[in-house]
Each structure stands twice: as structure tokens, then as C-alpha cells.
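See below for model_34.txt, which holds compact mmCIF, C-alpha atoms.
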# COMPACT_ATOMS: atom_id res chain seq x y z
CA MET A 197 158.26 0.89 230.59
CA SER A 198 157.73 -0.75 233.92
CA LEU A 199 155.17 1.65 235.43
CA SER A 200 152.94 1.67 232.35
CA ASN A 201 149.65 1.69 234.24
CA LEU A 202 150.37 4.56 236.60
CA GLN A 203 147.25 6.66 237.15
CA SER A 204 148.23 8.90 240.01
CA TYR A 205 151.40 10.38 241.50
CA LEU A 206 150.98 12.01 244.90
CA ARG A 207 153.26 14.02 247.15
CA PRO A 208 151.68 14.12 250.60
CA ALA A 209 152.52 16.98 252.92
CA ASP A 210 152.54 14.90 256.10
CA LEU A 211 152.67 11.31 257.33
CA SER A 212 148.95 11.08 258.10
CA SER A 213 148.08 12.14 254.56
CA ALA A 214 150.51 9.60 253.15
CA LEU A 215 148.95 6.81 255.18
CA ARG A 216 145.46 7.85 254.09
CA GLN A 217 146.51 8.00 250.44
CA VAL A 218 147.91 4.46 250.63
CA GLY A 219 144.58 3.27 251.97
CA ASP A 220 142.60 5.18 249.36
CA GLY A 221 144.81 3.84 246.56
CA GLY A 222 143.90 0.22 247.27
CA SER A 223 146.00 -2.68 246.07
CA GLY A 224 147.69 -0.62 243.35
CA ALA A 225 149.12 1.98 245.75
CA ARG A 226 152.78 2.00 246.67
CA LEU A 227 154.83 4.19 248.97
CA MET A 228 157.86 5.49 247.12
CA ALA A 229 161.24 6.48 248.54
CA ALA A 230 163.71 7.10 245.70
CA GLY A 231 161.78 4.68 243.52
CA THR A 232 164.87 2.94 242.11
CA ASP A 233 163.24 -0.47 242.49
CA LEU A 234 159.75 0.67 241.56
CA VAL A 235 160.90 2.24 238.30
CA LEU A 236 162.56 -1.00 237.25
CA HIS A 237 160.26 -3.60 238.76
CA GLY A 238 157.02 -1.82 239.67
CA GLY A 239 154.92 -3.55 237.05
CA GLU A 240 151.45 -2.93 235.64
CA ASP A 241 149.67 -3.51 238.94
CA VAL A 242 151.06 -0.24 240.34
CA THR A 243 148.48 2.49 239.76
CA THR A 244 149.30 5.04 242.48
CA LEU A 245 152.61 6.27 243.81
CA ILE A 246 152.84 8.15 247.10
CA ASP A 247 156.21 9.90 247.07
CA LEU A 248 157.64 10.35 250.58
CA ASP A 249 160.06 13.03 249.42
CA GLY A 250 159.01 16.31 250.98
CA LEU A 251 158.13 14.89 254.40
CA GLY A 252 161.38 16.07 255.96
CA LEU A 253 162.70 12.56 256.41
CA SER A 254 166.20 13.22 255.09
CA TYR A 255 168.47 13.88 258.07
CA ILE A 256 171.19 12.44 260.27
CA GLU A 257 171.04 13.55 263.89
CA GLN A 258 173.13 12.68 266.90
CA ARG A 259 170.80 12.21 269.87
CA HIS A 260 173.00 11.89 272.92
CA ASP A 261 175.07 8.85 271.92
CA SER A 262 172.52 7.45 269.46
CA ILE A 263 172.38 8.32 265.77
CA ALA A 264 169.00 8.81 264.06
CA ILE A 265 168.94 8.52 260.27
CA GLY A 266 165.80 9.69 258.47
CA ALA A 267 164.28 7.12 256.14
CA MET A 268 164.71 9.29 253.04
CA THR A 269 168.43 9.90 253.64
CA THR A 270 170.43 8.74 250.65
CA LEU A 271 173.10 6.09 251.02
CA THR A 272 175.68 8.66 249.87
CA ASP A 273 174.69 11.00 252.68
CA VAL A 274 175.02 8.16 255.20
CA LEU A 275 178.37 7.18 253.70
CA GLU A 276 179.78 10.70 253.90
CA ASP A 277 178.41 11.73 257.30
CA PRO A 278 181.16 12.44 259.87
CA VAL A 279 179.04 11.29 262.81
CA VAL A 280 178.32 7.96 261.14
CA GLU A 281 182.00 7.70 260.20
CA ARG A 282 182.99 7.76 263.87
CA TYR A 283 180.52 5.04 264.89
CA LEU A 284 182.33 1.82 265.87
CA GLY A 285 185.44 2.47 263.82
CA GLY A 286 183.75 3.44 260.57
CA VAL A 287 182.11 0.08 259.94
CA ILE A 288 179.04 1.66 258.31
CA PRO A 289 180.80 3.65 255.54
CA GLY A 290 183.04 0.62 255.01
CA MET A 291 179.93 -1.42 254.24
CA MET A 292 178.14 1.37 252.36
CA ARG A 293 181.00 1.75 249.86
CA GLN A 294 180.20 -1.81 248.77
CA VAL A 295 176.54 -1.08 248.01
CA GLY A 296 176.09 -0.57 244.27
CA SER A 297 177.84 2.42 242.72
CA PRO A 298 177.87 6.16 243.51
CA LEU A 299 175.20 6.61 240.83
CA LEU A 300 172.88 4.30 242.77
CA ARG A 301 173.88 5.53 246.22
CA ASN A 302 173.10 9.13 245.21
CA LEU A 303 169.47 8.05 244.74
CA ALA A 304 168.74 5.06 246.96
CA THR A 305 167.59 5.71 250.52
CA ILE A 306 168.20 3.91 253.78
CA GLY A 307 164.47 3.53 254.37
CA GLY A 308 163.83 2.14 250.91
CA ASN A 309 166.52 -0.47 251.40
CA LEU A 310 165.23 -1.55 254.81
CA MET A 311 161.62 -1.76 253.62
CA ARG A 312 162.34 -3.58 250.34
CA ARG A 313 164.02 -6.34 252.37
CA HIS A 314 166.07 -7.70 249.50
CA PRO A 315 167.77 -10.89 250.68
CA TRP A 316 171.11 -9.63 249.42
CA SER A 317 170.86 -6.29 251.26
CA ASP A 318 174.21 -5.36 252.79
CA ILE A 319 172.63 -2.79 255.06
CA ILE A 320 170.19 -5.10 256.83
CA PRO A 321 172.68 -7.62 258.29
CA LEU A 322 175.06 -4.91 259.52
CA PHE A 323 172.32 -2.73 261.02
CA ARG A 324 170.86 -5.78 262.73
CA ALA A 325 174.30 -6.70 264.06
CA LEU A 326 174.54 -3.18 265.47
CA GLY A 327 171.19 -3.60 267.23
CA ALA A 328 169.45 -0.85 265.25
CA GLU A 329 165.87 0.16 265.93
CA VAL A 330 163.39 1.69 263.52
CA THR A 331 160.57 4.15 264.03
CA LEU A 332 157.29 3.36 262.28
CA PHE A 333 154.25 5.55 261.80
CA ASP A 334 150.85 3.84 261.78
CA GLY A 335 148.93 6.86 263.03
CA GLU A 336 151.33 7.08 265.94
CA LEU A 337 155.09 6.81 266.08
CA LEU A 338 156.41 3.59 267.58
CA SER A 339 159.85 2.01 267.91
CA ARG A 340 160.75 -1.55 267.01
CA ARG A 341 164.00 -3.43 266.94
CA LEU A 342 165.04 -4.19 263.39
CA ASP A 343 165.38 -7.85 264.46
CA ASP A 344 161.71 -7.92 265.49
CA LEU A 345 160.57 -6.17 262.33
CA TYR A 346 161.91 -8.91 260.10
CA ALA A 347 160.83 -11.68 262.46
CA HIS A 348 157.28 -10.30 262.28
CA PRO A 349 156.93 -8.58 258.89
CA GLY A 350 153.23 -8.03 259.55
CA HIS A 351 154.36 -5.00 261.57
CA LEU A 352 155.26 -3.33 258.30
CA ARG A 353 151.76 -3.42 256.85
CA GLY A 354 149.92 -0.15 257.22
CA SER A 355 153.06 1.57 258.48
CA ILE A 356 155.56 4.08 257.16
CA LEU A 357 159.16 3.76 258.27
CA THR A 358 160.34 7.21 259.32
CA GLU A 359 163.85 6.63 260.68
CA VAL A 360 166.42 4.09 261.79
CA VAL A 361 168.24 4.61 265.07
CA LEU A 362 171.67 3.25 265.90
CA PRO A 363 172.00 2.69 269.65
CA PRO A 364 174.89 4.15 271.64
CA PRO A 365 177.98 2.13 270.68
CA PRO A 366 178.67 -0.32 273.50
CA ASP A 367 181.94 -0.01 275.42
CA ASN A 368 184.70 -2.40 274.50
CA ALA A 369 182.91 -3.49 271.31
CA ALA A 370 183.74 -3.66 267.62
CA ALA A 371 181.91 -4.61 264.44
CA ALA A 372 182.84 -5.79 260.97
CA PHE A 373 181.25 -6.56 257.60
CA ARG A 374 182.28 -8.69 254.64
CA LYS A 375 180.66 -9.04 251.23
CA PHE A 376 181.33 -11.56 248.49
CA ALA A 377 180.17 -10.51 245.01
CA ARG A 378 181.21 -11.05 241.40
CA SER A 379 182.05 -7.36 240.92
CA THR A 380 182.27 -4.23 243.02
CA VAL A 381 178.80 -3.08 241.94
CA ASP A 382 177.00 -6.44 242.01
CA VAL A 383 174.71 -7.54 244.82
CA ALA A 384 176.07 -9.98 247.36
CA GLY A 385 176.43 -13.66 246.61
CA LEU A 386 176.82 -13.80 250.38
CA ASN A 387 177.50 -11.29 253.14
CA CYS A 388 178.38 -11.42 256.84
CA ALA A 389 178.15 -8.87 259.63
CA ALA A 390 179.21 -9.19 263.25
CA MET A 391 179.41 -7.18 266.44
CA VAL A 392 181.19 -8.41 269.57
CA GLN A 393 181.29 -6.80 273.00
CA LEU A 394 183.90 -7.98 275.47
CA ASP A 395 183.56 -8.02 279.24
CA ASP A 396 186.74 -8.72 281.17
CA GLY A 397 188.34 -10.10 278.02
CA ARG A 398 185.53 -12.52 277.20
CA CYS A 399 182.68 -12.25 274.69
CA ALA A 400 179.67 -10.87 276.52
CA GLU A 401 177.45 -10.14 273.53
CA VAL A 402 177.84 -11.51 270.03
CA ARG A 403 175.61 -10.71 267.07
CA LEU A 404 176.49 -12.51 263.84
CA LEU A 405 174.35 -12.43 260.70
CA VAL A 406 174.75 -14.02 257.30
CA GLY A 407 172.72 -12.79 254.32
CA GLY A 408 172.30 -13.53 250.64
CA THR A 409 172.32 -17.25 251.30
CA PRO A 410 170.36 -16.62 248.93
CA ARG A 411 167.64 -16.03 251.52
CA ALA A 412 167.43 -12.97 253.74
CA ALA A 413 169.94 -12.36 256.51
CA GLU A 414 169.46 -14.33 259.70
CA ARG A 415 171.33 -14.43 262.99
CA VAL A 416 173.66 -17.40 263.42
CA CYS A 417 172.72 -18.35 266.95
CA ALA A 418 174.92 -21.47 267.12
CA ALA A 419 178.06 -19.44 266.45
CA GLU A 420 176.94 -16.63 268.76
CA ASP A 421 176.29 -19.08 271.61
CA TYR A 422 179.61 -20.80 270.97
CA LEU A 423 181.51 -17.54 271.50
CA VAL A 424 179.69 -16.12 274.52
CA GLY A 425 181.89 -16.51 277.57
CA GLU A 426 184.95 -17.29 275.48
CA GLU A 427 187.99 -15.18 274.72
CA LEU A 428 188.25 -14.11 271.10
CA THR A 429 191.24 -16.15 269.88
CA ALA A 430 192.24 -17.77 266.63
CA ALA A 431 190.95 -21.06 268.01
CA THR A 432 187.54 -19.77 269.14
CA ILE A 433 187.13 -17.84 265.89
CA ALA A 434 187.79 -21.04 263.96
CA GLY A 435 185.27 -22.82 266.14
CA ALA A 436 182.63 -20.16 265.56
CA ALA A 437 183.25 -20.24 261.81
CA ALA A 438 182.82 -24.02 261.82
CA GLU A 439 179.56 -23.67 263.75
CA ALA A 440 178.34 -21.07 261.25
CA ALA A 441 179.26 -23.17 258.22
CA ALA A 442 177.54 -26.17 259.76
CA THR A 443 174.30 -24.41 260.60
CA VAL A 444 173.63 -21.68 258.02
CA ASP A 445 171.20 -23.02 255.41
CA THR A 446 172.46 -22.11 251.94
CA GLY A 447 170.97 -22.60 248.49
CA ASP A 448 171.76 -22.38 244.78
CA ASP A 449 170.96 -19.48 242.49
CA MET A 450 172.54 -17.67 239.54
CA ARG A 451 175.19 -16.08 241.79
CA ALA A 452 176.58 -19.10 243.61
CA THR A 453 176.02 -22.72 244.52
CA ALA A 454 174.99 -23.81 247.98
CA SER A 455 178.32 -25.54 248.57
CA TYR A 456 180.29 -22.43 247.60
CA ARG A 457 178.09 -20.32 249.83
CA THR A 458 178.69 -22.69 252.74
CA HIS A 459 182.42 -22.27 252.14
CA LEU A 460 181.96 -18.49 252.14
CA VAL A 461 180.02 -18.59 255.43
CA GLY A 462 183.15 -19.89 257.14
CA ILE A 463 185.41 -17.43 255.36
CA GLY A 464 183.18 -14.43 256.02
CA THR A 465 182.67 -15.32 259.66
CA THR A 466 186.39 -15.77 260.18
CA ARG A 467 187.28 -12.46 258.50
CA CYS A 468 184.66 -10.49 260.42
CA LEU A 469 185.74 -11.94 263.75
CA GLU A 470 189.46 -11.55 263.00
CA GLU A 471 188.87 -7.88 262.17
CA ILE A 472 186.91 -7.44 265.38
CA ARG A 473 189.69 -9.11 267.37
CA TYR A 474 192.22 -6.77 265.76
CA ARG A 475 190.10 -3.70 266.48
CA LEU A 476 189.56 -4.68 270.09
CA GLN A 477 193.31 -5.00 270.57
CA GLU A 478 193.94 -1.52 269.14
CA PRO A 479 194.82 1.14 271.70
CA THR A 480 191.88 3.48 272.05
CA MET B 190 148.02 9.56 232.41
CA SER B 191 150.14 12.66 231.88
CA GLN B 192 151.16 15.64 233.97
CA THR B 193 152.86 18.95 233.24
CA ILE B 194 156.13 19.47 235.08
CA THR B 195 158.74 22.19 235.12
CA LEU B 196 162.40 21.33 234.69
CA THR B 197 165.53 23.39 234.23
CA VAL B 198 167.72 21.52 231.79
CA ASN B 199 171.19 22.89 231.05
CA GLY B 200 170.02 26.28 232.30
CA VAL B 201 166.89 26.39 230.11
CA HIS B 202 163.45 26.38 231.74
CA TYR B 203 160.92 23.90 230.31
CA ASP B 204 157.25 23.19 230.92
CA LEU B 205 156.86 19.59 229.81
CA SER B 206 153.92 17.24 229.48
CA VAL B 207 155.13 13.81 230.60
CA SER B 208 153.48 10.47 231.23
CA LEU B 209 153.54 9.57 234.92
CA GLY B 210 155.70 6.52 234.18
CA ASP B 211 158.24 8.37 232.01
CA THR B 212 161.82 8.18 233.22
CA MET B 213 164.14 11.16 233.09
CA LEU B 214 166.09 9.29 230.42
CA GLU B 215 163.05 9.19 228.12
CA VAL B 216 162.20 12.84 228.71
CA LEU B 217 165.75 14.10 228.10
CA ARG B 218 166.14 12.12 224.89
CA ARG B 219 162.80 13.50 223.64
CA LEU B 220 164.32 16.95 224.21
CA GLY B 221 167.06 15.93 221.79
CA LEU B 222 169.76 15.47 224.40
CA LYS B 223 171.33 12.39 222.84
CA SER B 224 174.38 12.38 225.11
CA VAL B 225 172.04 10.66 227.56
CA LYS B 226 172.45 7.12 226.28
CA LEU B 227 169.90 4.35 226.48
CA GLY B 228 172.19 1.52 227.56
CA CYS B 229 170.94 -1.13 229.94
CA ASP B 230 167.84 0.79 231.12
CA THR B 231 168.20 -1.06 234.43
CA GLY B 232 170.55 1.21 236.40
CA ASP B 233 173.62 -0.92 235.82
CA CYS B 234 175.72 0.70 233.08
CA GLY B 235 175.80 4.44 233.88
CA ALA B 236 175.51 5.47 230.22
CA CYS B 237 172.51 7.66 231.04
CA ALA B 238 174.15 9.44 234.00
CA VAL B 239 173.19 13.09 234.41
CA LEU B 240 173.38 15.59 237.23
CA ILE B 241 170.09 16.22 238.98
CA ASP B 242 170.38 19.06 241.47
CA GLY B 243 174.13 18.57 241.36
CA ARG B 244 174.28 14.83 242.00
CA ALA B 245 175.13 12.24 239.37
CA VAL B 246 172.36 9.67 238.98
CA ASN B 247 171.18 7.14 236.44
CA ALA B 248 168.44 8.93 234.50
CA CYS B 249 166.78 5.58 233.75
CA MET B 250 166.04 5.11 237.46
CA VAL B 251 164.41 8.50 238.05
CA LEU B 252 160.75 9.19 237.35
CA ALA B 253 160.49 12.54 235.61
CA VAL B 254 157.51 13.57 237.76
CA ALA B 255 159.56 12.89 240.89
CA ALA B 256 162.25 15.33 239.70
CA ALA B 257 159.76 18.10 238.87
CA GLY B 258 161.12 21.53 239.70
CA GLY B 259 164.68 20.26 239.66
CA SER B 260 167.77 21.24 237.72
CA VAL B 261 169.31 18.80 235.26
CA THR B 262 172.73 19.01 233.63
CA THR B 263 173.82 16.83 230.72
CA VAL B 264 177.04 16.88 228.74
CA GLU B 265 175.39 19.27 226.27
CA GLY B 266 175.27 21.79 229.09
CA LEU B 267 179.01 21.75 229.70
CA GLU B 268 179.97 23.61 226.54
CA ASN B 269 180.93 27.21 227.15
CA ASP B 270 181.17 29.63 224.18
CA GLY B 271 181.98 26.77 221.86
CA HIS B 272 184.68 25.37 224.12
CA LEU B 273 184.66 21.96 225.74
CA HIS B 274 184.67 21.71 229.50
CA ARG B 275 188.16 21.11 230.89
CA LEU B 276 187.19 17.62 231.98
CA GLN B 277 186.12 16.84 228.43
CA GLU B 278 189.43 18.19 227.17
CA ALA B 279 191.25 16.00 229.68
CA MET B 280 189.36 12.95 228.41
CA LEU B 281 190.44 13.73 224.86
CA ASN B 282 194.04 14.47 225.79
CA ALA B 283 194.41 11.28 227.85
CA GLY B 284 192.83 9.08 225.19
CA GLY B 285 189.97 8.34 227.56
CA VAL B 286 187.44 8.29 224.69
CA GLN B 287 187.27 5.33 222.35
CA CYS B 288 183.83 4.40 220.97
CA GLY B 289 182.46 7.21 223.15
CA PHE B 290 179.18 5.60 224.18
CA CYS B 291 179.99 5.59 227.90
CA THR B 292 181.89 8.88 227.89
CA PRO B 293 179.05 11.34 228.65
CA GLY B 294 177.91 9.34 231.67
CA MET B 295 181.48 8.95 232.84
CA VAL B 296 182.05 12.70 232.56
CA MET B 297 178.96 13.38 234.67
CA SER B 298 180.10 10.94 237.37
CA ALA B 299 183.54 12.57 237.35
CA LEU B 300 182.02 16.04 237.70
CA ASP B 301 180.06 14.92 240.76
CA LEU B 302 183.17 13.33 242.23
CA LEU B 303 185.36 16.40 241.70
CA ALA B 304 182.66 18.73 243.02
CA ARG B 305 182.82 16.93 246.36
CA ASN B 306 186.43 15.79 246.29
CA PRO B 307 188.54 18.17 244.13
CA HIS B 308 191.76 16.19 244.61
CA PRO B 309 190.87 12.51 244.62
CA THR B 310 193.35 9.66 244.76
CA GLU B 311 193.43 7.15 241.94
CA ALA B 312 191.46 4.72 244.13
CA GLU B 313 188.84 7.39 244.78
CA VAL B 314 188.52 8.10 241.06
CA ARG B 315 188.05 4.40 240.35
CA GLU B 316 185.40 4.22 243.05
CA GLY B 317 183.75 7.36 241.67
CA LEU B 318 183.51 5.84 238.19
CA ALA B 319 182.46 2.39 239.42
CA GLY B 320 178.93 2.80 238.09
CA ASN B 321 180.04 3.58 234.53
CA LEU B 322 180.73 0.49 232.45
CA CYS B 323 183.14 0.80 229.52
CA ARG B 324 183.98 -2.03 227.13
CA CYS B 325 186.76 -0.18 225.26
CA THR B 326 189.20 1.65 227.46
CA GLY B 327 189.85 -0.69 230.36
CA TYR B 328 189.24 2.36 232.60
CA VAL B 329 192.93 3.30 232.81
CA LYS B 330 192.83 6.32 230.51
CA PRO B 331 189.53 7.73 231.80
CA THR B 332 190.98 7.46 235.31
CA ASP B 333 194.12 9.24 234.14
CA ALA B 334 191.96 11.94 232.58
CA VAL B 335 190.06 12.64 235.79
CA LEU B 336 193.30 12.79 237.76
CA ALA B 337 194.81 15.13 235.17
CA ALA B 338 191.75 17.39 235.25
CA ALA B 339 191.90 17.49 239.02
CA ALA B 340 195.59 18.32 239.00
CA ALA B 341 195.35 20.90 236.25
CA ASP B 342 192.35 22.89 237.26
CA THR B 343 190.96 23.57 240.69
CA GLU B 344 187.94 25.12 239.00
CA VAL B 345 186.99 21.92 237.18
CA ALA B 346 184.08 21.29 239.50
CA ASP B 347 182.38 24.54 238.55
CA VAL B 348 179.83 23.37 236.00
Just give me the structure as C-alpha cells.
Amino acid sequence: MSLSNLQSYLRPADLSSALRQVGDGGSGARLMAAGTDLVLHGGEDVTTLIDLDGLGLSYIEQRHDSIAIGAMTTLTDVLEDPVVERYLGGVIPGMMRQVGSPLLRNLATIGGNLMRRHPWSDIIPLFRALGAEVTLFDGELLSRRLDDLYAHPGHLRGSILTEVVLPPPPDNAAAAFRKFARSTVDVAGLNCAAMVQLDDGRCAEVRLLVGGTPRAAERVCAAEDYLVGEELTAATIAGAAAEAAATVDTGDDMRATASYRTHLVGIGTTRCLEEIRYRLQEPT
Amino acid sequence: MSQTITLTVNGVHYDLSVSLGDTMLEVLRRLGLKSVKLGCDTGDCGACAVLIDGRAVNACMVLAVAAAGGSVTTVEGLENDGHLHRLQEAMLNAGGVQCGFCTPGMVMSALDLLARNPHPTEAEVREGLAGNLCRCTGYVKPTDAVLAAAAADTEVADV
């Protein structure tokens, strides 16, 4: 039993109470979303759980052209939501179907995934490619770009993530995601996510991330810079893929070798960008 | 540290004293519900799948205290007046049961799938059962069984 030293299980009625209970619980206190990771890997040092269920954080709302997803929304609810389905050609449910199995997605939450920051997370690279923002509560509600949150993880300490917000989908833009894993329910040996916005036929904004390298997802600035100002063609896609393969730092672990991962960086980048090129050529 | 929780399991109301770290899998097996299999105990195999408030989940990944007040359905709860549920019958008729260890979890995943998607395609059935590992059947006959149940009975989702 992983949580063998649990002394207290709390269900706060509001965010302020939850924050106070974390402080009161000391080093053994943990905020809990669905708890799928905590149940398996919590360990004996966890003495207090503060369950965020019951705070009204399970929702998906369209706010003008943005979409706000409450932190406690399950991955299944995100996958099946019609508003999310329409966002940039259905790229989010396409990715979400590749996260674990329905049995896991029925439990796991979007907030839990973003806060656990597993390096193989499929959600993090795609949501960063889409320019998502998160709302944190540290006594007050404040917004941060997901990019900034992972660049400065100190922002997470003493905070509760309450929602993630997808910005209005940019005009003339498309996004894509690719995952490489040993089976349909395994975590990624490598994943790629990209979003490209065209202006007058040329790449105006490019966001490309590679994760599971086996380190956490990072933007591939060399490939992004290579594409900006260029048309999206087979030749420029090949060039961007070469830049990505040359610059993404990969390593060995039980899932793949560094050299295989480097090979996959080129493949994943190419497939994402080819899909984006195809989507941008589709009649709207 | 223990706590008393209320659970409705297969329609029966229970007041249960559980340790705070107990999983739903441990609690259900202590109640004698042995269809809930202890397989991997790490959320990978689906042998412990049950419905909690209508959704199929791995019972090994759910803290019992976190599900307090909820409604749980296991395969034992599908029997009706001594008759198997139609999905169980379909599994038998299609030869979808071999050693049987994975079957209860697979049935619960299929129930959840059919409740939300009464007429799934073969691909959707395969996706719906993706969290249930089976070393005997090769998945073909269980998939056939779910498709047959869906085709035969529009009421299959009514647990």
C-alpha cells in the first residue's frame, strides 16, 4: 500500500481553505486531484491529502472565443466535449485519445496532469503549442502562460491551479500532435506538437515542442526560427525537421535510446508539419 | 488511521470503516466481491475495473475515502433474477471468455462504452477495451461480443 502513513484526508469547501490546509499539513501535505499518481507513488512521506474534488473545478466553458477548462475536469470529459472538438480541427481529442486508456481517462484530470509535469505528458506539449494559459490561486487568482509556468516552476509553489484556458484559435492556423509509444496505452517514448499560423502564405508564428526525450517537453526554437517567414513546403518542412533533429537533446532510458529518439524527432516534426500543411490547404 | 464512509455497492447501502490509504479494490474484495481482480495493482491491466457513479475506472487507483457517498457496480451487481446480463451472455456466446480473469473488468469497460455509445464501431470497441489486458483471447472474440450485444439489444446499457 503506497499511502501507508496517511493520517488525514480533507475535503476543503473553498480554495482559501485548501491553501490553508496545505500550509497546516507541512511537508507531508499533498493537494489531490483524482489521485491516480498519489495512490500508486505517494509513498510513506504523505501524511495529509487535501482533495480538490468538491471545489466546483470540473467544467468546460466557452468564453467568447476562448475555452476555459476547470482543473478537475477529467480527460474523458475534455475528449468528448463538442466545443473542444471544434477547436483547431479537433487536435485536442486526437491527442487525448492517445493518453492512457478510457479507464485512466475517466479518472485523471487535466489539472493533475499539468501539475504533475511528467516528462512524457502528451497534454503539456500540445497545450503549450496552442499557447494555453493557466489560472493559479495563491490567495488571489492570477493568469500565467503555460510556457512561463514550466520555465519558472517556483510559481507553482503555494498555488492551486484552478483552470487552463485555450486562447481564441488564430486565423489561418492549424496544429498537430504525434506520439511514439510501444503500445496504445503506454506513455510516450517521444512526442511532438506543433502549431503554425500563416500570414500571406508564409509562416508568421510557429510553436514546436518535443517531449519525452526523456526529459520534459521544450520548444524547438531552431526549427521555429527556421520556418518563420518561409512558406510551408516539403523542402522547408524537411529543413525544419533536420534542425529539430540536430538540436533536440535526447537521452537513453528503458523506452528508447537517444539515437532512436533523435530519429523520431525528425519523423515527428515532419509528420506534424505535413499534417498542418494539409489542414491549411483544406477549404474552410 | 481509519474513517467510516458510506458506499452503495450493487444497490446495497454500506457503512464501512476503511483505512485512509485503502483503495476501492481492497475494500470491494473485503466485501467478498471477488470479480474485482487484483492484477497489476498499478492501473495498467484493467482487471479491477468497476463502475463508480456510472464510469468505468480501475479500482486500484481510487482511494475508498475519495469515493465516499458514491455508487459502485461490479459484475456481481449485473445478475437479475438469476439471469446473466445480456453483455455477459454475449461474451459467453462469442467465446469471449477463456481463463476469465480479465472478463469482469472487460465487461465493466464495455458497459461504460455502450452507455455512452450504444452502437460503436469495431474500432470504437477496441478503443473502449484498450485498458483491459487479456493474455488468452487476442481480443477478437471479446470485441465481437460487445458488437453483438450492441446489435442485439438497445437496452444493454441499462445496468
- Task: Using only C-alpha atoms, select each residue of chain A with any atom at most 7 Å away from an atom of chain B, and give the selection as a list in words.
- Result: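 The answer, sorted by residue number, is Leu199, Ser200, Leu202, Gln203, Tyr205, Thr232, Val235, Leu236, Ser297, Pro298, Leu299, Leu300, Asn302 and Leu303 of chain A.
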- Query: Between B:Ala312, B:Glu278, B:Asn306, B:Gly289, which has the minimum distance to Ala341 in chain B (counting only C-alpha atoms)?
  - Reply: B:Glu278
- Residues near Ala325 in chain A, cut-off 8 Å, all atoms listed in the file, skip fewer than 3 positions along chain, as a PyMOL selection string: chain A and resi 321-322+328+371+389-391+403-405
- Message: Which residues are close to Leu362 in chain A, i.e. within 9 Å by all atoms listed in the file, leaving aside same-chain residues fewer than 2 positions away? Reply as a count of residues only.
- Response: 14
- Leu227 in chain A surroundings by only C-alpha atoms, 8 Å radius, close-in-sequence under 2 positions cut, as a ChimeraX atom specification: /A:218,225,229,245-248
- Message: I need the residue nearest Cys288 in chain B from this list: B:Leu303, B:Leu273, B:Cys323, B:Ala257. Use all atoms listed in the file for the distance.
- Response: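 Between B:Leu303, B:Leu273, B:Cys323, B:Ala257, the residue approaching Cys288 in chain B most closely is B:Cys323.
For the pair CA of Ala438 in chain A and CA of Tyr456 in chain A, the separation is 14.5 Å.
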- Counting all atoms listed in the file, the residue among A:Phe376, A:Pro366, A:Val416, A:Arg226 that lies closest to Leu460 in chain A is A:Phe376
Which protein, DNA or RNA residues are at most 10 Å from (172.4, 8.8, 222.8) in the file's coordinates when you count only C-alpha atoms, listed as an mmCIF file with C-alpha atoms, in the frame of the given file?
data_model
loop_
_atom_site.group_PDB
_atom_site.id
_atom_site.type_symbol
_atom_site.label_atom_id
_atom_site.label_comp_id
_atom_site.auth_asym_id
_atom_site.auth_seq_id
_atom_site.Cartn_x
_atom_site.Cartn_y
_atom_site.Cartn_z
ATOM 1 C CA LEU B 214 166.090 9.290 230.420
ATOM 2 C CA ARG B 218 166.140 12.120 224.890
ATOM 3 C CA GLY B 221 167.060 15.930 221.790
ATOM 4 C CA LEU B 222 169.760 15.470 224.400
ATOM 5 C CA LYS B 223 171.330 12.390 222.840
ATOM 6 C CA SER B 224 174.380 12.380 225.110
ATOM 7 C CA VAL B 225 172.040 10.660 227.560
ATOM 8 C CA LYS B 226 172.450 7.120 226.280
ATOM 9 C CA LEU B 227 169.900 4.350 226.480
ATOM 10 C CA GLY B 228 172.190 1.520 227.560
ATOM 11 C CA ALA B 236 175.510 5.470 230.220
ATOM 12 C CA CYS B 237 172.510 7.660 231.040
ATOM 13 C CA PHE B 290 179.180 5.600 224.180
ATOM 14 C CA CYS B 291 179.990 5.590 227.900
ATOM 15 C CA PRO B 293 179.050 11.340 228.650
#
- Item | Non-local contacts of Leu338 in chain A (10 Å; all atoms listed in the file; under 3 positions in same chain excluded) as an MDAnalysis selection string | chainID A and resid 330:335 355 357:358
